[in-house]
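Report on the structure given below.
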Amino acid sequence: MDKILAKLKELGIQYELIEHEAVYNMEEMDALGPDYFKGAAICKNLFLRDQKGKRHFLITLKEEKQANLADIAKICLTSKLSFASPERLMKYLGLVPGAVTPLAVINDENKSVEVILDKDLFKEEKIGVHPGVNTATVIISPKDLEKYIKENGNKLKLM
């Protein structure tokens, strides 16, 4: 978390850090209450791999959206997608399940993870993503999230 917060500060990105009990899924995030995140749209994050395990994708979308893996595979111009293992999550992003976040691209030294952001996130003033741990949420603007990912050098697409 410290590395991510330091990078946000280095880039001049304004954010708010909200600490909370550990959450492992969207239902647990919702249980914290609608006002807990000060009106920010909470993001759902998926770490996926292609059929051969050669390409890895981090998908960030609005909480209420369903992720259609077949549609995402078309956007990525790849074969069938599946969820990557916890071992791959650790290897590529330095994360454990329940803490997946686009901010973890900072741990992707080879810039091999491709990031796909839901274009509807950009309709929101603020969004919430984990800072690499599931005991806090960073409230940030979608444009600043995009800036952070681009500054890191990962491929980025909107869907």
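Chain lettering (A, B, ...) mirrors the order of the structure tokens, residue numbering begins at 1 for each chain separately, and ligand numbering begins at 1 in order of display.
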Considering only C-alpha atoms, return as a compact mmCIF listing (two decimals) with C-alpha atoms, in the first residue's frame whatever protein or nucleic-acid residues lie within 12 Å of Gly12 in chain A, sequence-local ones (same chain, fewer than 6 positions apart) excluded.
# COMPACT_ATOMS: atom_id res chain seq x y z
CA LEU A 5 0.26 5.84 -2.09
CA ALA A 6 3.79 7.22 -2.63
CA ILE A 140 -9.78 8.88 -6.87
CA ASP A 144 -6.34 10.26 -12.39
CA LEU A 145 -6.57 6.46 -12.41
CA LYS A 147 -3.03 8.86 -15.71
CA TYR A 148 -1.54 6.53 -13.08
CA GLU A 151 2.50 6.69 -16.31
TODO: Find the spatial neighbours of Ile42 in chain A, counting only C-alpha atoms, within a cut-off of 12 Å - ignore same-chain residues fewer than 2 positions away - and output them as a ChimeraX atom specification.
DONE: /A:25-30,32-40,44-45,60-65,101,121,124-130,137-142
- [ ] Please run DSSP on the backbone and report, as a PyMOL selection string, all residues within range 61-144 of chain A that come out as strand (DSSP E or B).
- [x] chain A and resi 61-62+81-83+113-117+127-129+136-140
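When DSSP reads the backbone of this structure, the residues of range 12-123 of chain A it assigns to alpha helix (DSSP H) are Met26, Glu27, Glu28, Met29, Asp30, Ala31, Leu69, Ala70, Asp71, Ile72, Ala73, Lys74, Ile75, Cys76, Pro86, Glu87, Arg88, Leu89, Met90, Lys91, Tyr92 and Leu93 of chain A.
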For those residues, write N, CA and C atoms to a file as a PDB file, in the first residue's frame.
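Okay, this is what ended up in again-v4.pdb:
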ATOM      1  N   MET A  26     -17.672  -8.032  -3.391  1.00  0.00           N
ATOM      2  CA  MET A  26     -18.519  -6.840  -3.508  1.00  0.00           C
ATOM      3  C   MET A  26     -19.628  -6.828  -2.457  1.00  0.00           C
ATOM      4  N   GLU A  27     -20.132  -7.984  -2.077  1.00  0.00           N
ATOM      5  CA  GLU A  27     -21.187  -8.037  -1.062  1.00  0.00           C
ATOM      6  C   GLU A  27     -20.673  -7.472   0.263  1.00  0.00           C
ATOM      7  N   GLU A  28     -19.439  -7.806   0.603  1.00  0.00           N
ATOM      8  CA  GLU A  28     -18.860  -7.289   1.841  1.00  0.00           C
ATOM      9  C   GLU A  28     -18.593  -5.789   1.748  1.00  0.00           C
ATOM     10  N   MET A  29     -18.222  -5.309   0.566  1.00  0.00           N
ATOM     11  CA  MET A  29     -18.059  -3.856   0.370  1.00  0.00           C
ATOM     12  C   MET A  29     -19.403  -3.162   0.567  1.00  0.00           C
ATOM     13  N   ASP A  30     -20.453  -3.720  -0.043  1.00  0.00           N
ATOM     14  CA  ASP A  30     -21.789  -3.124   0.066  1.00  0.00           C
ATOM     15  C   ASP A  30     -22.277  -3.096   1.509  1.00  0.00           C
ATOM     16  N   ALA A  31     -21.884  -4.099   2.289  1.00  0.00           N
ATOM     17  CA  ALA A  31     -22.329  -4.185   3.678  1.00  0.00           C
ATOM     18  C   ALA A  31     -21.797  -3.028   4.529  1.00  0.00           C
ATOM     19  N   LEU A  69     -17.014 -12.684 -20.100  1.00  0.00           N
ATOM     20  CA  LEU A  69     -15.647 -13.028 -20.500  1.00  0.00           C
ATOM     21  C   LEU A  69     -15.494 -13.188 -22.004  1.00  0.00           C
ATOM     22  N   ALA A  70     -16.529 -13.663 -22.680  1.00  0.00           N
ATOM     23  CA  ALA A  70     -16.458 -13.808 -24.139  1.00  0.00           C
ATOM     24  C   ALA A  70     -16.348 -12.440 -24.805  1.00  0.00           C
ATOM     25  N   ASP A  71     -17.123 -11.472 -24.327  1.00  0.00           N
ATOM     26  CA  ASP A  71     -17.058 -10.117 -24.884  1.00  0.00           C
ATOM     27  C   ASP A  71     -15.710  -9.466 -24.582  1.00  0.00           C
ATOM     28  N   ILE A  72     -15.213  -9.679 -23.372  1.00  0.00           N
ATOM     29  CA  ILE A  72     -13.918  -9.114 -23.005  1.00  0.00           C
ATOM     30  C   ILE A  72     -12.815  -9.732 -23.861  1.00  0.00           C
ATOM     31  N   ALA A  73     -12.897 -11.019 -24.144  1.00  0.00           N
ATOM     32  CA  ALA A  73     -11.902 -11.685 -25.004  1.00  0.00           C
ATOM     33  C   ALA A  73     -11.872 -11.047 -26.387  1.00  0.00           C
ATOM     34  N   LYS A  74     -13.037 -10.685 -26.915  1.00  0.00           N
ATOM     35  CA  LYS A  74     -13.087 -10.023 -28.235  1.00  0.00           C
ATOM     36  C   LYS A  74     -12.393  -8.661 -28.181  1.00  0.00           C
ATOM     37  N   ILE A  75     -12.640  -7.913 -27.121  1.00  0.00           N
ATOM     38  CA  ILE A  75     -12.010  -6.605 -26.962  1.00  0.00           C
ATOM     39  C   ILE A  75     -10.492  -6.754 -26.876  1.00  0.00           C
ATOM     40  N   CYS A  76     -10.052  -7.809 -26.216  1.00  0.00           N
ATOM     41  CA  CYS A  76      -8.617  -8.062 -26.032  1.00  0.00           C
ATOM     42  C   CYS A  76      -7.971  -8.728 -27.237  1.00  0.00           C
ATOM     43  N   PRO A  86      -4.331 -17.573  -8.016  1.00  0.00           N
ATOM     44  CA  PRO A  86      -3.716 -16.704  -6.995  1.00  0.00           C
ATOM     45  C   PRO A  86      -2.195 -16.591  -7.172  1.00  0.00           C
ATOM     46  N   GLU A  87      -1.558 -17.658  -7.654  1.00  0.00           N
ATOM     47  CA  GLU A  87      -0.110 -17.628  -7.882  1.00  0.00           C
ATOM     48  C   GLU A  87       0.247 -16.627  -8.982  1.00  0.00           C
ATOM     49  N   ARG A  88      -0.536 -16.608 -10.039  1.00  0.00           N
ATOM     50  CA  ARG A  88      -0.292 -15.641 -11.121  1.00  0.00           C
ATOM     51  C   ARG A  88      -0.561 -14.212 -10.639  1.00  0.00           C
ATOM     52  N   LEU A  89      -1.596 -14.054  -9.840  1.00  0.00           N
ATOM     53  CA  LEU A  89      -1.925 -12.745  -9.290  1.00  0.00           C
ATOM     54  C   LEU A  89      -0.744 -12.208  -8.476  1.00  0.00           C
ATOM     55  N   MET A  90      -0.151 -13.062  -7.678  1.00  0.00           N
ATOM     56  CA  MET A  90       1.012 -12.663  -6.883  1.00  0.00           C
ATOM     57  C   MET A  90       2.213 -12.387  -7.780  1.00  0.00           C
ATOM     58  N   LYS A  91       2.450 -13.255  -8.758  1.00  0.00           N
ATOM     59  CA  LYS A  91       3.613 -13.117  -9.639  1.00  0.00           C
ATOM     60  C   LYS A  91       3.571 -11.814 -10.438  1.00  0.00           C
ATOM     61  N   TYR A  92       2.419 -11.498 -11.013  1.00  0.00           N
ATOM     62  CA  TYR A  92       2.332 -10.354 -11.920  1.00  0.00           C
ATOM     63  C   TYR A  92       2.000  -9.035 -11.226  1.00  0.00           C
ATOM     64  N   LEU A  93       1.211  -9.075 -10.151  1.00  0.00           N
ATOM     65  CA  LEU A  93       0.774  -7.833  -9.519  1.00  0.00           C
ATOM     66  C   LEU A  93       1.125  -7.731  -8.034  1.00  0.00           C
TER      67      LEU A  93
END
- [ ] Find the residues around Met1 in chain A up to 9 Å (only C-alpha atoms counted), leave out those fewer than 6 positions away in its own chain, and share them as a PyMOL selection string.
- [x] chain A and resi 104+130-133
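Nearest to Val115 in chain A of all the residues A:Ala22, A:Ile149, A:Val100, A:Ala136 is A:Ile149, based on only C-alpha atoms.
Distances from A:Val96, A:Ser85, A:Ser79, A:Asn152 to Asn110 in chain A were compared using only C-alpha atoms, and the smallest one belongs to A:Asn152.
Atom pair CA of Leu17 in chain A / CA of Asp2 in chain A has a distance of 11.5 Å (rounded to one decimal).
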Task: Selection near Phe83 in chain A, 9 Å with only C-alpha atoms, sequence-local residues under 6 positions removed, as a ChimeraX atom specification - done: /A:46-50
Residue selection dump (N, CA and C atoms) as a compact mmCIF listing (two decimals), in the first residue's frame:
# COMPACT_ATOMS: atom_id res chain seq x y z
N LEU A 46 -11.14 -7.70 -11.92
CA LEU A 46 -10.94 -9.11 -12.28
C LEU A 46 -9.54 -9.26 -12.88
N PHE A 47 -8.85 -10.31 -12.47
CA PHE A 47 -7.54 -10.62 -13.06
C PHE A 47 -7.70 -11.88 -13.89
N LEU A 48 -7.51 -11.74 -15.20
CA LEU A 48 -7.78 -12.81 -16.15
C LEU A 48 -6.54 -13.18 -16.94
N ARG A 49 -6.59 -14.35 -17.55
CA ARG A 49 -5.52 -14.80 -18.44
C ARG A 49 -6.13 -15.38 -19.70
N ASP A 50 -5.33 -15.40 -20.78
CA ASP A 50 -5.83 -16.03 -22.00
C ASP A 50 -5.67 -17.55 -21.87
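Among the candidates A:Thr78, A:Ile59, A:Asn134, A:Glu109, the one nearest to Lys157 in chain A when counting only C-alpha atoms is A:Ile59.
Going from CA of Cys43 in chain A over to CA of Gly98 in chain A, you cover 12.4 Å.
Across the model, the gap from CA of Ala99 in chain A to CA of Asn68 in chain A is 21.1 Å.
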TODO: Point out the residue among A:Lys52, A:Lys9, A:Lys155, A:His20 with the least atom-to-atom distance to Val113 in chain A, counting only C-alpha atoms.
DONE: A:Lys155
